[in-house]
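> Just dropping this structure here.
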Amino acid sequence: MVRIDDNAPVRNYKMSEINYEETISRLEQQCFPDSFWSENAVKETLCRSDVLYGMQYGKNKAPAGYFIGAAANGEAELYRIAVLPEYRRKGLGKHLLEAFFDSCPKNTNKVFLEVRSKNTAALELYKKYGFKVIHVRKGYYKDDDGVVMEADV
């Protein structure tokens with residue numbers, strides 16, 4: 001059991017007894033109201049054999065955030081880290097990133113991700129974990145650039 005700054009208990013990222021497609025879809029809508037994945041997209045992603053995912057829980061054992069990524073052939077890609085607004089800036093994103101790293105196969109030596117250039121909190125977190133900018137996708141989003149990052153692990 002870990003605790004975030006507001007003392008709400010957060011369970012480890014290991015999966016248990018909930019409907020992940022539905023839960024992640026609901027979190028997607030709350031965390032990314034302008035660019036959430038549909039429930040079908042979540043379901044198709046989670047059923048792939050190379051996909052890694054995990055969830056952490058907050059108050060009342062309710063889901064507070066999750067990660068989704070994939071790993072193959074010594075490389076991994078972090079697709080999403082999502083944290084509900086009330087849990088942001090309290091360490092949950094850090095725990096989810098560490099859980100993603102822990103879930104990667106032992107032979108993983110590089111991790112890639114893409115993040116909005118305006119998402120300064122995420123950029124700060126990723127840089128603390130050794131990610132470096134390798135490319136900027138100008139106009140990737142309707143209102144922002146996409147920053148492609150890489151870390152050696």
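Identifiers for the structure tokens are assigned positionally: chains receive A, B, ... in sequence, residues are indexed from 1 per chain, and ligands are indexed from 1 in the order shown.
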Hey, could you make a per-residue contact list for stretch 61-126 of chain A against stretch 31-43 of chain A with 12 Å as the cut-off, showing the nearest pair of atoms and its distance in Å to one decimal, counting only C-alpha atoms, sorted by chain and number, as CSV?

residue,atom,partner,partner_atom,distance
A:Ala64,CA,A:Cys31,CA,10.1
A:Gly65,CA,A:Cys31,CA,8.9
A:Tyr66,CA,A:Cys31,CA,10.4
A:Phe67,CA,A:Val42,CA,11.6
A:Ile68,CA,A:Val42,CA,9.3
A:Gly69,CA,A:Val42,CA,11.5
A:Tyr79,CA,A:Trp37,CA,11.1
A:Arg80,CA,A:Trp37,CA,10.2
A:Ile81,CA,A:Cys31,CA,9.6
A:Ala82,CA,A:Cys31,CA,6.1
A:Val83,CA,A:Cys31,CA,6.5
A:Leu84,CA,A:Cys31,CA,5.7
A:Pro85,CA,A:Cys31,CA,6.9
A:Glu86,CA,A:Cys31,CA,10.3
A:Tyr87,CA,A:Cys31,CA,10.8
A:Arg88,CA,A:Cys31,CA,10.2
A:Arg116,CA,A:Ser35,CA,11.5
A:Asn119,CA,A:Phe32,CA,12.0
> If DSSP is run on the backbone, what residues of stretch 8-105 of chain A are strand (DSSP E)? A reply as a PyMOL selection string would be ideal.
chain A and resi 9-10+51-57+63-72+75-83
> Tell me which of A:Ser25, A:Asn73, A:Ser103, A:Gly91 sits closest to A:Leu52, counting only C-alpha atoms.
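That would be A:Ser103, the residue with the smallest distance to A:Leu52.
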> So, with only C-alpha atoms as the atoms that count, which of A:Glu114, A:Leu46, A:Gly54, A:Thr120 lies closest to A:Leu96?
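Distance minimum relative to A:Leu96 lands on A:Gly54.
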> Restricting the calculation to only C-alpha atoms: of A:Asp144, A:Asp50, A:Glu28, A:Glu124, which residue gets closest to A:Glu75?
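Nearest candidate to A:Glu75 out of A:Asp144, A:Asp50, A:Glu28, A:Glu124: A:Asp50.
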> Mind pulling up the distance from atom CA of A:Tyr57 to atom CA of A:Leu123?
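It comes out at 23.2 Å.
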> Would you compute the distance between atom CA of A:Gly146 and atom CA of A:Leu125? Give it in Å to one decimal.
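According to the coordinates, atom CA of A:Gly146 and atom CA of A:Leu125 are separated by 16.1 Å.
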> Determine the nearest neighbour of A:Asp143 from the options A:Ser117, A:Thr45, A:Ala70, A:Ala122, counting only C-alpha atoms.
A:Ser117
> Figure out the distance between atom CA of A:Phe131 and atom CA of A:Lys118, please, to one decimal in Å.
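Straight-line distance from atom CA of A:Lys118 to atom CA of A:Phe131 works out to 16.4 Å.
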> Quick one: residues within 9 Å of A:Ala76, only C-alpha atoms, excluding same-chain residues fewer than 4 positions away - as a compact mmCIF listing (two decimals) with C-alpha atoms, in the first residue's frame?

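The resulting file, selection.txt, is reproduced below:
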# COMPACT_ATOMS: atom_id res chain seq x y z
CA GLY A 69 1.45 0.74 -23.00
CA ALA A 70 2.96 -2.03 -25.06
CA ALA A 71 6.28 -3.85 -25.23
CA ALA A 72 7.97 -6.04 -27.83
CA CYS A 104 7.94 -4.08 -18.94
CA PRO A 105 9.75 -7.30 -19.88
CA THR A 108 13.28 -3.79 -22.51
CA ASN A 109 16.05 -1.27 -23.15
CA LYS A 110 14.14 1.71 -24.63
CA VAL A 111 10.81 3.32 -23.82
CA PHE A 112 9.03 5.79 -26.07
CA LEU A 113 6.06 8.07 -25.50
